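Data block below; observations after.
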Amino acid sequence: MKIGVISSSEGYSNEELKDLKAAISKSSAGYVSINLSESFVRIESSTTTVMHTDGGKAERISADAAVMRSIGIIRDYEQFSHRLWLAQAMELNGMRISNKISSWLSASDKLGTLIILSRHRIPVPDTTSSENFFHGYAAVRKYTDTVIKPLRSGKGIGVFRINDPDAAMHIFSYFTNLSKPIYVQRFLEKKGSGDFRVVVVGGKVIGAEFRKAKGWKSNVAQGAEPRKARINAEISELAIKATEALKLDYAGIDIADTKDGYYVLEANPTISWSGFRKVTGVNPASHIIKNLISETRK
Ligand SMILES: Nc1ncnc2c1ncn2[C@@H]1O[C@H](COP(=O)(O)OP(=O)(O)O)[C@@H](O)[C@H]1O
Ligand SMILES: [Mg+2]
């Protein structure tokens, strides 16, 4: 069996790739690097072939399965669409990709994630998303303390907090000028000033950490301190339910504990796990690859 890791040449975290490569070779499968920004597709004689150039020679990308890591840094809608369809084409040709491209797509968008989770009656923070800054303004007035997020972000980058609707209005008018949607979320006071990151693979919790924040953002990349967490059945069921609602093979589910109960803040279909691995001693890569192999053999 050959297993690929789908990424792009930019913005790739190496530690996770190293772990995935090691897990693939431990499973005795062959490793294939699938770089979306350098791949191309041919549709000829009713056959769609996704290719890459290896040592100057164009050849078909051949793998039975793949881990979807990253689509790269996107600067143009057509670039996004192109990379996505290369991955979809490989999936349509029979490659078992984990996470499935459509699920990965929903979960890598914060708005898509919340729409799906709330439809499954999973508690998520009140959120307004609009291209119109008046709606953003009204949302800040209504929620009073808010968190503004890019739809597709990670590591807490570009996520900021604001409680003054008039100051927010100026920022939102720039967003509108840049054709950027405005995503406004009610700020939740988190117990223990941090949140849980629960990692689910193949419908089971493989481990959990509590990320104690320095300020209010509990990303390890923002200086939060990861600690191994023992989670209760409610948190564990919530994480599994969220993963299943999004049809993900694996996910990192961020859960906040508040005076009103638990809320799912985010579901991550691609996770950075250096902190998680260190404190829990659990290597997500080996679980992801094991699960992918069993899914491919089905
Ligand atoms: N509604 C919220 N209320 C309070 N804190 C939040 C809220 N949303 C996010 N945060 C904090 O900000 C961090 C980053 O937000 P998140 O939605 O997870 O985006 P990212 O994809 O950048 O990690 C979270 O880990 C959490 O600690
Ligand atoms: Mg997050």
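Chain lettering (A, B, ...) mirrors the order of the structure tokens, residue numbering begins at 1 for each chain separately, and ligand numbering begins at 1 in order of display.
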Using the chain letters and numbers from this document, which residues of region 17-259 of chain A does DSSP assign to alpha helix (DSSP H), as a PyMOL selection string?
-> chain A and resi 17-26+77-92+101-107+110-119+133-143+165-177+233-245
Neighbours of ligand 1 within 6 Å, counting only C-alpha atoms and all ligand atoms, as a ChimeraX atom specification?
-> /A:125,147,153-157,185-189,216-219,265-266
Cut-off 12 Å, only C-alpha atoms and all ligand atoms, neighbours of ligand 2 as a PDB file with C-alpha atoms, in the first residue's frame:
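Output contents, as saved in out.pdb:
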ATOM      1  CA  ALA A 107     -14.555  21.777   8.906  1.00  0.00           C
ATOM      2  CA  SER A 108     -11.745  24.028   7.722  1.00  0.00           C
ATOM      3  CA  ASP A 109     -14.231  26.862   7.467  1.00  0.00           C
ATOM      4  CA  LYS A 110     -15.382  28.244  10.810  1.00  0.00           C
ATOM      5  CA  LYS A 149     -12.269  35.689  13.349  1.00  0.00           C
ATOM      6  CA  PRO A 150     -11.165  35.021   9.802  1.00  0.00           C
ATOM      7  CA  LEU A 151     -13.273  32.184   8.376  1.00  0.00           C
ATOM      8  CA  ARG A 152     -10.195  30.139   7.626  1.00  0.00           C
ATOM      9  CA  SER A 153      -7.525  30.681  10.208  1.00  0.00           C
ATOM     10  CA  GLY A 154      -5.445  28.745  12.628  1.00  0.00           C
ATOM     11  CA  LYS A 155      -3.184  29.191  15.645  1.00  0.00           C
ATOM     12  CA  GLY A 156      -5.258  32.155  16.791  1.00  0.00           C
ATOM     13  CA  ILE A 157      -3.751  34.345  14.077  1.00  0.00           C
ATOM     14  CA  GLY A 158      -6.017  37.228  13.093  1.00  0.00           C
ATOM     15  CA  VAL A 159      -8.480  36.406  15.882  1.00  0.00           C
ATOM     16  CA  GLY A 194      -8.323  27.908  28.854  1.00  0.00           C
ATOM     17  CA  ASP A 195     -10.050  25.300  26.780  1.00  0.00           C
ATOM     18  CA  PHE A 196      -9.936  21.607  26.074  1.00  0.00           C
ATOM     19  CA  ARG A 197      -8.511  20.172  22.908  1.00  0.00           C
ATOM     20  CA  VAL A 198      -9.897  16.702  22.435  1.00  0.00           C
ATOM     21  CA  ARG A 211      -4.567  24.612  27.128  1.00  0.00           C
ATOM     22  CA  TRP A 216      -7.845  34.737  26.543  1.00  0.00           C
ATOM     23  CA  LYS A 217      -6.538  32.854  23.496  1.00  0.00           C
ATOM     24  CA  SER A 218      -5.658  29.311  24.309  1.00  0.00           C
ATOM     25  CA  ASN A 219      -3.673  28.359  21.233  1.00  0.00           C
ATOM     26  CA  VAL A 220      -0.315  26.834  22.089  1.00  0.00           C
ATOM     27  CA  ALA A 221       1.031  28.984  19.235  1.00  0.00           C
ATOM     28  CA  GLN A 222      -0.168  32.024  21.266  1.00  0.00           C
ATOM     29  CA  ALA A 224      -0.854  28.846  26.057  1.00  0.00           C
ATOM     30  CA  ALA A 251     -10.330  15.979  14.376  1.00  0.00           C
ATOM     31  CA  GLY A 252      -9.122  18.238  17.137  1.00  0.00           C
ATOM     32  CA  ILE A 253     -12.219  19.562  18.864  1.00  0.00           C
ATOM     33  CA  ASP A 254     -11.848  22.723  20.967  1.00  0.00           C
ATOM     34  CA  ILE A 255     -14.280  22.845  23.865  1.00  0.00           C
ATOM     35  CA  ALA A 256     -14.818  25.681  26.339  1.00  0.00           C
ATOM     36  CA  VAL A 264     -17.601  23.704  20.900  1.00  0.00           C
ATOM     37  CA  LEU A 265     -15.467  26.596  19.669  1.00  0.00           C
ATOM     38  CA  GLU A 266     -13.923  24.882  16.692  1.00  0.00           C
ATOM     39  CA  ALA A 267     -13.398  21.571  14.968  1.00  0.00           C
ATOM     40  CA  ASN A 268     -10.008  21.255  13.323  1.00  0.00           C
ATOM     41  CA  PRO A 269      -9.683  18.788  10.446  1.00  0.00           C
ATOM     42  CA  THR A 270      -5.907  19.381  10.395  1.00  0.00           C
ATOM     43  CA  ILE A 271      -4.149  19.701  13.716  1.00  0.00           C
ATOM     44  CA  SER A 272      -0.790  20.760  15.006  1.00  0.00           C
TER      45      SER A 272
END
Got a sec: who's within 9 Å of Ala87 (chain A), counting only C-alpha atoms, leaving out chain neighbours fewer than 3 positions off, as a short mmCIF file (atom, residue, chain, number, x, y, z; two decimals) with N, CA and C atoms, in the first residue's frame?
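Now in around-v5.cif:
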data_model
loop_
_atom_site.label_atom_id
_atom_site.label_comp_id
_atom_site.auth_asym_id
_atom_site.auth_seq_id
_atom_site.Cartn_x
_atom_site.Cartn_y
_atom_site.Cartn_z
N ILE A 6 -1.00 14.96 1.65
CA ILE A 6 -1.33 16.08 0.76
C ILE A 6 -1.04 17.39 1.47
N LEU A 36 0.11 19.92 -3.66
CA LEU A 36 -0.95 20.44 -4.53
C LEU A 36 -0.50 21.61 -5.40
N VAL A 50 -4.26 12.90 -12.11
CA VAL A 50 -3.55 13.94 -11.37
C VAL A 50 -2.07 13.57 -11.41
N MET A 68 -4.96 14.29 4.25
CA MET A 68 -5.12 15.66 3.77
C MET A 68 -4.59 16.60 4.85
N HIS A 82 -8.79 25.26 -7.77
CA HIS A 82 -7.90 24.36 -8.51
C HIS A 82 -7.30 23.30 -7.59
N ARG A 83 -6.75 23.75 -6.48
CA ARG A 83 -6.11 22.80 -5.55
C ARG A 83 -7.13 21.83 -4.98
N LEU A 84 -8.29 22.37 -4.67
CA LEU A 84 -9.34 21.54 -4.10
C LEU A 84 -9.78 20.45 -5.08
N MET A 90 -8.40 13.04 -7.18
CA MET A 90 -7.70 11.85 -6.67
C MET A 90 -8.67 10.99 -5.86
N GLU A 91 -9.53 11.66 -5.10
CA GLU A 91 -10.52 10.94 -4.30
C GLU A 91 -11.51 10.21 -5.23
N LEU A 92 -11.97 10.92 -6.26
CA LEU A 92 -12.91 10.30 -7.22
C LEU A 92 -12.26 9.11 -7.93
N ILE A 97 -8.94 9.32 1.05
CA ILE A 97 -8.29 10.48 1.66
C ILE A 97 -8.92 10.75 3.03
N ILE A 101 -12.38 14.93 1.45
CA ILE A 101 -12.24 16.32 1.00
C ILE A 101 -13.47 17.17 1.36
#
Tell me which of A:Ser39, A:Ser27, A:Asn132, A:Ser33 sits closest to Ser294 (chain A), counting only C-alpha atoms.
->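 Counting only C-alpha atoms, the residue closest to Ser294 (chain A) is A:Ser27.
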Which residues come within 7 Å of Ser193 (chain A), counting only C-alpha atoms, excluding same-chain residues fewer than 2 positions away, as a ChimeraX atom specification?
-> /A:190-191,212-213,216
Give me a file of those residues, with N, CA and C atoms, as a PDB file, in the first residue's frame.
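Output file part.pdb is given in full below:
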ATOM      1  N   LYS A 190     -14.197  31.598  29.810  1.00  0.00           N
ATOM      2  CA  LYS A 190     -13.871  30.181  29.939  1.00  0.00           C
ATOM      3  C   LYS A 190     -13.387  29.853  31.351  1.00  0.00           C
ATOM      4  N   LYS A 191     -13.971  28.829  31.930  1.00  0.00           N
ATOM      5  CA  LYS A 191     -13.529  28.399  33.266  1.00  0.00           C
ATOM      6  C   LYS A 191     -12.074  27.949  33.194  1.00  0.00           C
ATOM      7  N   LYS A 212      -3.959  26.053  28.907  1.00  0.00           N
ATOM      8  CA  LYS A 212      -4.096  27.186  29.833  1.00  0.00           C
ATOM      9  C   LYS A 212      -3.531  28.436  29.166  1.00  0.00           C
ATOM     10  N   ALA A 213      -4.406  29.399  28.942  1.00  0.00           N
ATOM     11  CA  ALA A 213      -3.995  30.584  28.182  1.00  0.00           C
ATOM     12  C   ALA A 213      -3.282  31.606  29.043  1.00  0.00           C
ATOM     13  N   TRP A 216      -6.591  35.471  26.751  1.00  0.00           N
ATOM     14  CA  TRP A 216      -7.845  34.737  26.543  1.00  0.00           C
ATOM     15  C   TRP A 216      -7.781  33.743  25.390  1.00  0.00           C
TER      16      TRP A 216
END
May I have all residues of region 154-210 of chain A that DSSP, computed from the backbone, assigns to strand (DSSP E), given as a ChimeraX atom specification?
-> /A:160-162,182-186,194-201,204-210
Would you mind listing, for every residue of region 155-231 of chain A within 12 Å of region 282-291 of chain A, the two atoms forming the shortest contact and the distance between them in Å to one decimal, using only C-alpha atoms, sorted by chain and ascending residue number, as a Markdown table?
| residue | atom | partner | partner_atom | distance |
| --- | --- | --- | --- | --- |
| A:Val198 | CA | A:Pro284 | CA | 11.3 |
| A:Val199 | CA | A:Pro284 | CA | 7.9 |
| A:Val200 | CA | A:Pro284 | CA | 9.1 |
| A:Val201 | CA | A:Ile288 | CA | 6.4 |
| A:Gly202 | CA | A:Asn291 | CA | 6.1 |
| A:Gly203 | CA | A:Asn291 | CA | 9.8 |
| A:Lys204 | CA | A:His287 | CA | 10.1 |
| A:Val205 | CA | A:His287 | CA | 10.5 |
| A:Ile206 | CA | A:Val282 | CA | 7.3 |
| A:Gly207 | CA | A:Val282 | CA | 6.8 |
| A:Ala208 | CA | A:Val282 | CA | 9.4 |
| A:Glu209 | CA | A:Val282 | CA | 10.7 |
| A:Lys228 | CA | A:Val282 | CA | 10.3 |
Next, the residues of the selection above should be written as a PDB file, in the first residue's frame with N, CA and C atoms.
ATOM      1  N   VAL A 198      -9.664  18.135  22.395  1.00  0.00           N
ATOM      2  CA  VAL A 198      -9.897  16.702  22.435  1.00  0.00           C
ATOM      3  C   VAL A 198      -9.602  16.149  21.042  1.00  0.00           C
ATOM      4  N   VAL A 199      -8.753  15.146  20.974  1.00  0.00           N
ATOM      5  CA  VAL A 199      -8.421  14.580  19.668  1.00  0.00           C
ATOM      6  C   VAL A 199      -9.173  13.261  19.484  1.00  0.00           C
ATOM      7  N   VAL A 200      -9.953  13.236  18.399  1.00  0.00           N
ATOM      8  CA  VAL A 200     -10.781  12.070  18.090  1.00  0.00           C
ATOM      9  C   VAL A 200     -10.257  11.449  16.796  1.00  0.00           C
ATOM     10  N   VAL A 201     -10.051  10.153  16.815  1.00  0.00           N
ATOM     11  CA  VAL A 201      -9.647   9.440  15.594  1.00  0.00           C
ATOM     12  C   VAL A 201     -10.506   8.185  15.477  1.00  0.00           C
ATOM     13  N   GLY A 202     -11.125   7.996  14.319  1.00  0.00           N
ATOM     14  CA  GLY A 202     -11.933   6.801  14.085  1.00  0.00           C
ATOM     15  C   GLY A 202     -13.045   6.636  15.107  1.00  0.00           C
ATOM     16  N   GLY A 203     -13.654   7.757  15.496  1.00  0.00           N
ATOM     17  CA  GLY A 203     -14.791   7.694  16.428  1.00  0.00           C
ATOM     18  C   GLY A 203     -14.415   7.512  17.895  1.00  0.00           C
ATOM     19  N   LYS A 204     -13.114   7.526  18.195  1.00  0.00           N
ATOM     20  CA  LYS A 204     -12.684   7.366  19.597  1.00  0.00           C
ATOM     21  C   LYS A 204     -11.777   8.512  20.024  1.00  0.00           C
ATOM     22  N   VAL A 205     -11.890   8.869  21.306  1.00  0.00           N
ATOM     23  CA  VAL A 205     -10.987   9.894  21.851  1.00  0.00           C
ATOM     24  C   VAL A 205      -9.627   9.244  22.083  1.00  0.00           C
ATOM     25  N   ILE A 206      -8.569   9.806  21.465  1.00  0.00           N
ATOM     26  CA  ILE A 206      -7.224   9.234  21.700  1.00  0.00           C
ATOM     27  C   ILE A 206      -6.471   9.993  22.788  1.00  0.00           C
ATOM     28  N   GLY A 207      -6.983  11.171  23.156  1.00  0.00           N
ATOM     29  CA  GLY A 207      -6.340  11.933  24.217  1.00  0.00           C
ATOM     30  C   GLY A 207      -6.912  13.332  24.295  1.00  0.00           C
ATOM     31  N   ALA A 208      -6.615  14.011  25.394  1.00  0.00           N
ATOM     32  CA  ALA A 208      -7.122  15.373  25.554  1.00  0.00           C
ATOM     33  C   ALA A 208      -6.114  16.201  26.325  1.00  0.00           C
ATOM     34  N   GLU A 209      -6.081  17.473  25.993  1.00  0.00           N
ATOM     35  CA  GLU A 209      -5.225  18.396  26.735  1.00  0.00           C
ATOM     36  C   GLU A 209      -6.073  19.599  27.145  1.00  0.00           C
ATOM     37  N   LYS A 228      -1.898  17.842  30.210  1.00  0.00           N
ATOM     38  CA  LYS A 228      -2.693  16.648  29.955  1.00  0.00           C
ATOM     39  C   LYS A 228      -4.023  16.797  30.704  1.00  0.00           C
TER      40      LYS A 228
END
Using only C-alpha atoms, which residue out of A:Ile240, A:Met169, A:Ala138, A:Ile34 lies closest to Thr53 (chain A)?
->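 Selected residue with least distance to Thr53 (chain A): A:Ile34.
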Among listed residues A:Ile74, A:Leu17, A:Val5, A:Ala233, nearest Trp273 (chain A) (using only C-alpha atoms) |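 Counting only C-alpha atoms, the residue closest to Trp273 (chain A) is A:Leu17.
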Name the closest residue to Glu16 (chain A) among the candidates A:Val41, A:Ile162, A:Ala245, A:Val67; distances are taken between atoms, counting only C-alpha atoms.
->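 For Glu16 (chain A), the nearest of the candidates is A:Val67.
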